[in-house]
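Asks: Provided herewith is a single structure, encoded as structure tokens, for subsequent inquiry.
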Amino acid sequence: MSGLSLQDISMRFDLPNGGSVQALENVSLDLKPGELMSVLGPSGCGKTTLLNILAGFLAQTSGRLELNDHEITGPDAERGMVFQKGALFEWMSVRDNVGFGPSMKGMPKNDKTEIVNHLLDVVGLQEFKEKAVYELSGGMQQRVALARCLANDPDVILMDEPLGALDALTREKMQSLVLKLWKETGKTIILITHSVEEALLLGERLIVMAPRPGRIHKEYRLPFAELGVGADLREVKKHPDFAVKRDEILNMIWDMEEEIMGRTEEAS
Amino acid sequence: MTGLFVLAIYLGIFIAAYFIVTKVVQRATMKDYTSLKTVTFGDESAVRPNRWAGIISILTLFLIWGMFTGSSLLPKFLHAPGAYVGTLEFTYTAEADGERDDGTVTVVVFPRETETAAPDVEPGDGFAKNDSSAIAQWRTGLVRVDKNDEITKKDGAKVVAINGQAILPGETVQIENGAVTLSDKGTPNVAPYRGWQMEPLYLPPPEQVWSRTLTVLSDGFRSFTLFEHLGYSLFRVVAGFLLGALVGIPLGYAMGLSNWFRGWFDPIVEFMRPVPPLALIPLVIIWFGIGETGKIILLFLAALWIMAIAARSGVSGVNISKVHAAYSLGASKWQIMRHVIMPNSLPEIFTGARVAMGVCWGTVVAAELVAAEQGAGMMIMVASRFQNTDIVILGIILIGVIGFGIDMLMRWAERLLVPWKGKG
């Protein structure tokens, strides 16, 4: 079966003080190629841990993880990663950052230049390609990060709060860009976010995770991502269902946070 | 006392220059962004060195140096009062067998470079005869006034007054341009006025240092030219530093990348780091002698730990996102080393290299002070033994200039090679 498949992923680790943490418990998911999924949850629900396991940076303690019928055991170019910030190589120009993956593969120079130029056009940074990345604004840097990830042509793109550090206006533009890239490239994308609106906009599927132990609490299938492709996202937000879903999910997370607070108070 | 006077002059120039420059000269300054900041006290970025202050500060140092050494570069009226040169005269009264008689003492105080003999004087009458003596500038001298007298000290003669003022052994009488102290044994000790200037032996005037610089430049010092001395020191520093970097950087990388290396070398590095290289000099001399090998090994040891620690913290300073991103982009371990860890640790390594070069330069001078056949440190150490204070000062200035130059060079290389420093 092609696509990404998670079967009963659990993760438990010991603490130095003798206790242990159940970070994830029996997380099961199947993603078809080309699906766009957003992940929401209060802090400590294990969403970043899940993403790191998918990327191959952490090992699950039980369960099985497959991509296109082979097991995931470590990081690989088939699964690209976009981080919130600080992951660009500031000693390289924009062009060299985008061309990093192809260079590592030893791709011939002409092919690489073609890919890089195409992606710079897509993200609109053609005229900045000779600049150092630290000379760019935060939004432009995330465009570089997106282009760098796409240059490697991965099957799955994992995004760890990629727009979290941007201001509201830039963020909206970048959300449109992510939708556009998703539609044009047909990649499977998993996106972690703290923003309920962003999760609604950037998820055909949306899963809400609950903490302690980290698990999938609820899953939605949403129309907004499809509606948002090439459209004004502010219009999409006016969709009658959007506000309903937003309030429902906000309440859900609010309750989880309350419960955590309550438990910590009891413990102390 | 003189020190306080120097401090007062220095403070006076500091304050006067401040008012003149800020209130009078710099009325119309450039109107850039920083000049419009109203909060400057506490805003370090608004504090920029005043160029005038820098220039005046250096000139003041030379001015004070010149004033208190009687430099010929300064007009005479600026000189601090010099030590007396010329002829002193005083009378002494000798008492023997209840009788008193006066004698005159003529003392020639000669400049140090032109030795002068005591002048001939008429003996005069009475049992106390006139005397004469010659004393070098800044020195004091006993005058055996009774030597030519008819009744000497052995016969019971005693000096009881100077210039008519009664005096006992241990007491002092001021005379014109000097003072006379009666020693415990009753002999007058003449101390001509010393003035406020430093003796060239302690601090030569600037022009003497300069002319000595020219002589050392043309004739060399101790069978090596000045450039050979400095070159030897620099060569030792560069060789020791390069060896230290060559071993220290890979060691630091290994410590930053492997548990085993970290565990194995941490105690050694953490133990050796606080040991000042100077403390190793005796051991290095015992083991390797005073030749080049010992010095280079000492500097190697001085640079090694600094470079290892810099490389280690360079590795641990890599944002883990960058490493993760590189793995996700398909980079191998070696490619991550080459394209992520090495460039990312370069700024730290450069900072370490600057510190290491500074420490090495200080250590080489100290090592040469202890034992060496050539080098900047050896030059000042040997010069001080022969009281060539001008060469000592010349050496100190050159050591400072070269140390400063090394640091400037490293900063320049840093700006050129790691422009992304602090931009991550």
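Following the order of the structure tokens, first chain is A, next is B, and so on, with residues numbered from 1 inside each chain and ligands from 1 in the order they appear.
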Which residues of chain B come within 12 Å of chain A, and what is each one's closest atom pair and distance in Å (one decimal), counting only C-alpha atoms, sorted by chain and residue number, as a Markdown table?
Replies:
| residue | atom | partner | partner_atom | distance |
| --- | --- | --- | --- | --- |
| B:Val318 | CA | A:Ala87 | CA | 9.9 |
| B:Asn319 | CA | A:Gly86 | CA | 7.0 |
| B:Ile320 | CA | A:Ala87 | CA | 8.0 |
| B:Ser321 | CA | A:Ala87 | CA | 4.9 |
| B:Lys322 | CA | A:Ala87 | CA | 4.3 |
| B:Val323 | CA | A:Ala87 | CA | 7.9 |
| B:His324 | CA | A:Phe57 | CA | 7.3 |
| B:Ala325 | CA | A:Met81 | CA | 6.2 |
| B:Ala326 | CA | A:Gly101 | CA | 7.9 |
| B:Tyr327 | CA | A:Pro75 | CA | 5.8 |
| B:Ser328 | CA | A:Ala77 | CA | 5.0 |
| B:Leu329 | CA | A:Ala77 | CA | 4.8 |
| B:Gly330 | CA | A:Ala77 | CA | 4.4 |
| B:Ala331 | CA | A:Met104 | CA | 5.5 |
| B:Ser332 | CA | A:Met104 | CA | 7.9 |
| B:Lys333 | CA | A:Met104 | CA | 11.0 |
| B:Trp334 | CA | A:Met104 | CA | 10.5 |
| B:Gln335 | CA | A:Met104 | CA | 7.2 |
| B:Ile336 | CA | A:Met104 | CA | 9.5 |
| B:Arg338 | CA | A:Met104 | CA | 11.0 |
| B:His339 | CA | A:Phe89 | CA | 8.8 |
| B:Val340 | CA | A:Phe89 | CA | 7.4 |
| B:Ile341 | CA | A:Phe89 | CA | 10.3 |
| B:Met342 | CA | A:Trp91 | CA | 10.4 |
| B:Pro343 | CA | A:Trp91 | CA | 6.8 |
| B:Asn344 | CA | A:Trp91 | CA | 7.7 |
| B:Ser345 | CA | A:Trp91 | CA | 10.8 |
| B:Leu346 | CA | A:Trp91 | CA | 10.0 |
| B:Pro347 | CA | A:Trp91 | CA | 10.7 |
| B:Leu417 | CA | A:Trp91 | CA | 9.9 |
| B:Val418 | CA | A:Trp91 | CA | 7.7 |
| B:Pro419 | CA | A:Trp91 | CA | 7.9 |
| B:Trp420 | CA | A:Trp91 | CA | 5.9 |
| B:Lys421 | CA | A:Trp91 | CA | 8.8 |
| B:Gly422 | CA | A:Glu90 | CA | 9.8 |
| B:Lys423 | CA | A:Tyr134 | CA | 6.1 |
| B:Gly424 | CA | A:Glu90 | CA | 6.1 |
Asks: Got a sec: who's within 8 Å of Ala53 of chain B, counting only C-alpha atoms, leaving out chain neighbours fewer than 3 positions off, as a count of residues only?
Replies: 6
Asks: Check segment 222-356 of chain B with DSSP on the backbone and list each residue it calls alpha helix (DSSP H), as an MDAnalysis selection string.
Replies: chainID B and resid 226:257 259:272 281:288 292:316 320:328 333:336 342:356
Asks: Considering only C-alpha atoms, state which residue in the set A:Ile189, A:Met256, A:Ile216, A:Leu200 is at the smallest distance from Val244 of chain A.
Replies: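 Of all the options, A:Leu200 lies closest to Val244 of chain A.
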Asks: If we count only C-alpha atoms and set the cut-off at 9 Å, which residues sit around Glu150 of chain B, ignoring sequence neighbours fewer than 6 positions away in its own chain? Please answer as an NGL selection string.
Replies: :B and (126-129)
Asks: Could you save the residues just selected, with N, CA and C atoms, as a tab-separated table (two decimals), in the first residue's frame?
Replies:
chain	number	residue	atom	x	y	z
B	126	GLY	N	92.66	78.91	59.43
B	126	GLY	CA	92.06	78.19	60.55
B	126	GLY	C	92.37	76.71	60.45
B	127	PHE	N	91.90	75.96	61.46
B	127	PHE	CA	92.23	74.53	61.41
B	127	PHE	C	91.30	73.77	60.46
B	128	ALA	N	90.07	74.34	60.19
B	128	ALA	CA	89.17	73.70	59.23
B	128	ALA	C	89.44	74.28	57.86
B	129	LYS	N	89.91	73.43	56.97
B	129	LYS	CA	90.26	73.92	55.64
B	129	LYS	C	89.06	73.79	54.69
Asks: Between atom CA of Leu369 of chain B and atom CA of Leu243 of chain B, what is the distance in Å, rounded to a tenth?
Replies: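 Here the two named atoms are 22.6 Å from each other.
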Asks: Which one is closest to Val144 of chain A: A:Gln126, A:Asn97, A:Gln175, A:Ser10? Count only C-alpha atoms.
Replies: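 Counting only C-alpha atoms, the residue closest to Val144 of chain A is A:Asn97.
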Asks: Report, in Å with one decimal, the straight-line distance from atom CA of Thr293 of chain B to atom CA of Phe261 of chain B.
Replies: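 Computing it gives 28.2 Å between the two atoms.
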Asks: Calculate how many Å separate atom CA of Trp305 of chain B from atom CA of Gly244 of chain B, rounding to one decimal.
Replies: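 Result for atom CA of Trp305 of chain B versus atom CA of Gly244 of chain B: 7.9 Å, one decimal.
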Asks: Counting only C-alpha atoms, what is within 7 Å of Phe241 of chain B, bar same-chain residues fewer than 4 positions away, as a ChimeraX atom specification?
Replies: /B:237,245,299-300,303,357
Asks: Selection from above, C-alpha atoms, as a short mmCIF file (atom, residue, chain, number, x, y, z; two decimals), in the first residue's frame, can you write it?
Replies:
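Output contents, as saved in result26.cif:
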data_model
loop_
_atom_site.label_atom_id
_atom_site.label_comp_id
_atom_site.auth_asym_id
_atom_site.auth_seq_id
_atom_site.Cartn_x
_atom_site.Cartn_y
_atom_site.Cartn_z
CA VAL B 237 53.72 31.91 18.25
CA ALA B 245 44.87 24.32 16.26
CA LEU B 299 52.81 27.44 22.94
CA PHE B 300 51.26 24.31 21.49
CA ALA B 303 46.76 26.95 22.23
CA MET B 357 46.87 33.97 19.70
#
Asks: Write out as a PyMOL selection string each polymer residue whose atoms come within 12 Å of Glu270 of chain B, counting only C-alpha atoms; drop sequence neighbours fewer than 5 positions from it.
Replies: chain B and resi 262-265+275+305-306+308-309
Asks: Can you list, as number ranges by chain, every protein, DNA or RNA residue that comes within 8 Å of Pro250 of chain B when you count only C-alpha atoms, leaving out same-chain residues fewer than 4 positions away?
Replies: B: 246, 254, 308, 311
Asks: Suppose we keep C-alpha atoms; can you now write the selection as a short mmCIF file (atom, residue, chain, number, x, y, z; two decimals), in the first residue's frame?
Replies:
data_model
loop_
_atom_site.label_atom_id
_atom_site.label_comp_id
_atom_site.auth_asym_id
_atom_site.auth_seq_id
_atom_site.Cartn_x
_atom_site.Cartn_y
_atom_site.Cartn_z
CA LEU B 246 45.79 21.31 14.14
CA ALA B 254 35.59 14.54 18.39
CA ALA B 308 39.75 22.20 21.64
CA ALA B 311 35.74 23.60 18.58
#
Asks: Using only C-alpha atoms, determine which residues lie at most 10 Å from segment 87-99 of chain B, disregarding the query and same-chain residues fewer than 3 positions distant; provide the list as a compact mmCIF listing (two decimals) with N, CA and C atoms, in the first residue's frame.
Replies:
# COMPACT_ATOMS: atom_id res chain seq x y z
N TYR B 84 69.30 69.33 40.01
CA TYR B 84 70.22 70.46 39.97
C TYR B 84 71.54 70.07 39.31
N ASP B 102 85.40 77.74 60.70
CA ASP B 102 84.56 77.49 59.54
C ASP B 102 85.38 77.09 58.33
N GLY B 103 84.81 76.25 57.51
CA GLY B 103 85.41 75.93 56.21
C GLY B 103 84.32 75.95 55.16
N THR B 104 84.72 76.22 53.92
CA THR B 104 83.73 76.26 52.84
C THR B 104 83.85 75.00 52.00
N VAL B 105 82.70 74.43 51.65
CA VAL B 105 82.71 73.25 50.79
C VAL B 105 82.12 73.64 49.45
N THR B 106 82.84 73.34 48.37
CA THR B 106 82.34 73.59 47.03
C THR B 106 82.02 72.24 46.39
N VAL B 107 80.77 72.07 45.96
CA VAL B 107 80.39 70.79 45.36
C VAL B 107 79.97 71.04 43.93
N VAL B 108 80.63 70.36 43.01
CA VAL B 108 80.22 70.46 41.61
C VAL B 108 79.24 69.31 41.32
N VAL B 109 78.04 69.67 40.88
CA VAL B 109 77.06 68.64 40.50
C VAL B 109 77.07 68.57 38.99
N PHE B 110 77.56 67.42 38.46
CA PHE B 110 77.75 67.35 37.00
C PHE B 110 76.69 66.45 36.37
N PHE B 127 91.90 75.96 61.46
CA PHE B 127 92.23 74.53 61.41
C PHE B 127 91.30 73.77 60.46
N ALA B 128 90.07 74.34 60.19
CA ALA B 128 89.17 73.70 59.23
C ALA B 128 89.44 74.28 57.86
N LYS B 129 89.91 73.43 56.97
CA LYS B 129 90.26 73.92 55.64
C LYS B 129 89.06 73.79 54.69
N ASN B 130 89.11 74.56 53.58
CA ASN B 130 88.06 74.46 52.58
C ASN B 130 88.17 73.14 51.83
N ASP B 131 86.99 72.64 51.38
CA ASP B 131 86.98 71.34 50.69
C ASP B 131 86.24 71.49 49.37
N SER B 132 86.39 70.45 48.55
CA SER B 132 85.60 70.42 47.32
C SER B 132 85.24 68.97 47.01
N SER B 133 84.19 68.82 46.18
CA SER B 133 83.72 67.48 45.87
C SER B 133 82.96 67.54 44.55
N ALA B 134 82.82 66.39 43.89
CA ALA B 134 82.02 66.34 42.65
C ALA B 134 81.00 65.20 42.78
N ILE B 135 79.75 65.52 42.46
CA ILE B 135 78.68 64.53 42.58
C ILE B 135 77.90 64.52 41.27
N VAL B 145 84.98 66.32 55.18
CA VAL B 145 85.49 67.68 55.35
C VAL B 145 86.72 67.70 56.23
N ASP B 146 86.86 66.70 57.06
CA ASP B 146 87.97 66.75 58.02
C ASP B 146 89.26 66.21 57.44
N ASP B 149 91.79 68.75 57.16
CA ASP B 149 91.83 69.69 58.28
C ASP B 149 93.05 69.42 59.17
N ILE B 151 92.94 69.42 62.43
CA ILE B 151 92.46 68.50 63.48
C ILE B 151 91.37 67.65 62.83
N THR B 152 91.64 66.36 62.68
CA THR B 152 90.68 65.50 61.99
C THR B 152 89.70 64.90 62.99
N LYS B 153 88.75 64.11 62.45
CA LYS B 153 87.73 63.48 63.29
C LYS B 153 88.40 62.59 64.35
N ASP B 155 91.10 62.99 65.76
CA ASP B 155 91.65 63.80 66.84
C ASP B 155 90.56 64.46 67.66
N GLY B 156 89.31 64.21 67.32
CA GLY B 156 88.22 64.73 68.13
C GLY B 156 87.47 65.89 67.53
N ALA B 157 87.74 66.22 66.24
CA ALA B 157 86.99 67.32 65.62
C ALA B 157 85.58 66.86 65.27
N LYS B 158 84.64 67.75 65.37
CA LYS B 158 83.24 67.42 65.09
C LYS B 158 82.63 68.54 64.25
N VAL B 159 81.76 68.13 63.31
CA VAL B 159 81.01 69.16 62.58
C VAL B 159 79.79 69.50 63.43
N VAL B 160 79.63 70.79 63.77
CA VAL B 160 78.53 71.16 64.66
C VAL B 160 77.51 72.06 63.98
N ALA B 161 77.88 72.65 62.82
CA ALA B 161 76.92 73.53 62.17
C ALA B 161 77.16 73.56 60.67
N ILE B 162 76.07 73.75 59.93
CA ILE B 162 76.16 73.92 58.48
C ILE B 162 75.55 75.27 58.18
N ASN B 163 76.28 76.09 57.41
CA ASN B 163 75.80 77.45 57.11
C ASN B 163 75.36 78.17 58.38
N GLY B 164 76.06 77.89 59.47
CA GLY B 164 75.75 78.57 60.71
C GLY B 164 74.62 77.94 61.50
N GLN B 165 73.91 77.01 60.94
CA GLN B 165 72.81 76.36 61.68
C GLN B 165 73.37 75.16 62.42
N ALA B 166 73.05 75.05 63.69
CA ALA B 166 73.55 73.93 64.49
C ALA B 166 72.99 72.63 63.95
N ILE B 167 73.81 71.59 63.98
CA ILE B 167 73.36 70.31 63.45
C ILE B 167 73.93 69.18 64.28
N ILE B 175 70.18 73.75 52.28
CA ILE B 175 71.03 74.80 51.75
C ILE B 175 70.46 75.17 50.40
N GLU B 176 71.04 76.16 49.76
CA GLU B 176 70.53 76.56 48.46
C GLU B 176 70.77 75.42 47.46
N ASN B 177 69.70 75.00 46.74
CA ASN B 177 69.77 73.92 45.75
C ASN B 177 70.16 72.57 46.32
N GLY B 178 69.82 72.31 47.54
CA GLY B 178 70.11 70.99 48.06
C GLY B 178 69.93 70.92 49.56
N ALA B 179 70.44 69.87 50.12
CA ALA B 179 70.34 69.68 51.56
C ALA B 179 71.59 68.97 52.03
N VAL B 180 71.95 69.21 53.31
CA VAL B 180 73.10 68.53 53.87
C VAL B 180 72.62 67.78 55.12
N PRO B 188 79.24 65.17 56.73
CA PRO B 188 78.15 65.77 55.95
C PRO B 188 77.89 64.99 54.66
N VAL B 190 75.95 65.37 51.19
CA VAL B 190 75.34 66.42 50.38
C VAL B 190 74.35 65.79 49.41
N PRO B 192 72.18 67.16 46.45
CA PRO B 192 71.71 68.27 45.61
C PRO B 192 70.25 68.07 45.28
Asks: Would you return as a PyMOL selection string the members of segment 96-298 of chain B that DSSP assigns to strand (DSSP E) on this structure's backbone?
Replies: chain B and resi 96+99-110+131-136+141-142+158-162+165-166+172-175+178-182+188-192
Asks: Please report, as a Markdown table, each residue of segment 207-239 of chain A lying at most 12 Å from segment 178-181 of chain A, together with the nearest pair of atoms and the separation in Å rounded to one decimal; use only C-alpha atoms, and order rows by chain and ascending residue number.
Replies:
| residue | atom | partner | partner_atom | distance |
| --- | --- | --- | --- | --- |
| A:Phe224 | CA | A:Leu179 | CA | 10.4 |
| A:Ala225 | CA | A:Leu179 | CA | 7.0 |
| A:Glu226 | CA | A:Leu179 | CA | 8.3 |
| A:Leu227 | CA | A:Leu179 | CA | 9.8 |
| A:Gly228 | CA | A:Leu179 | CA | 7.2 |
| A:Val229 | CA | A:Leu179 | CA | 5.6 |
| A:Gly230 | CA | A:Lys180 | CA | 6.6 |
| A:Ala231 | CA | A:Lys180 | CA | 9.7 |
| A:Asp232 | CA | A:Leu179 | CA | 11.4 |
| A:Leu233 | CA | A:Leu179 | CA | 10.2 |
Asks: Identify which of the residues B:Arg273, B:Trp138, B:Trp210, B:Thr181 lies closest to Leu301 of chain B, counting only C-alpha atoms when measuring atom-to-atom distances.
Replies: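 Closest to Leu301 of chain B, using only C-alpha atoms: B:Arg273.
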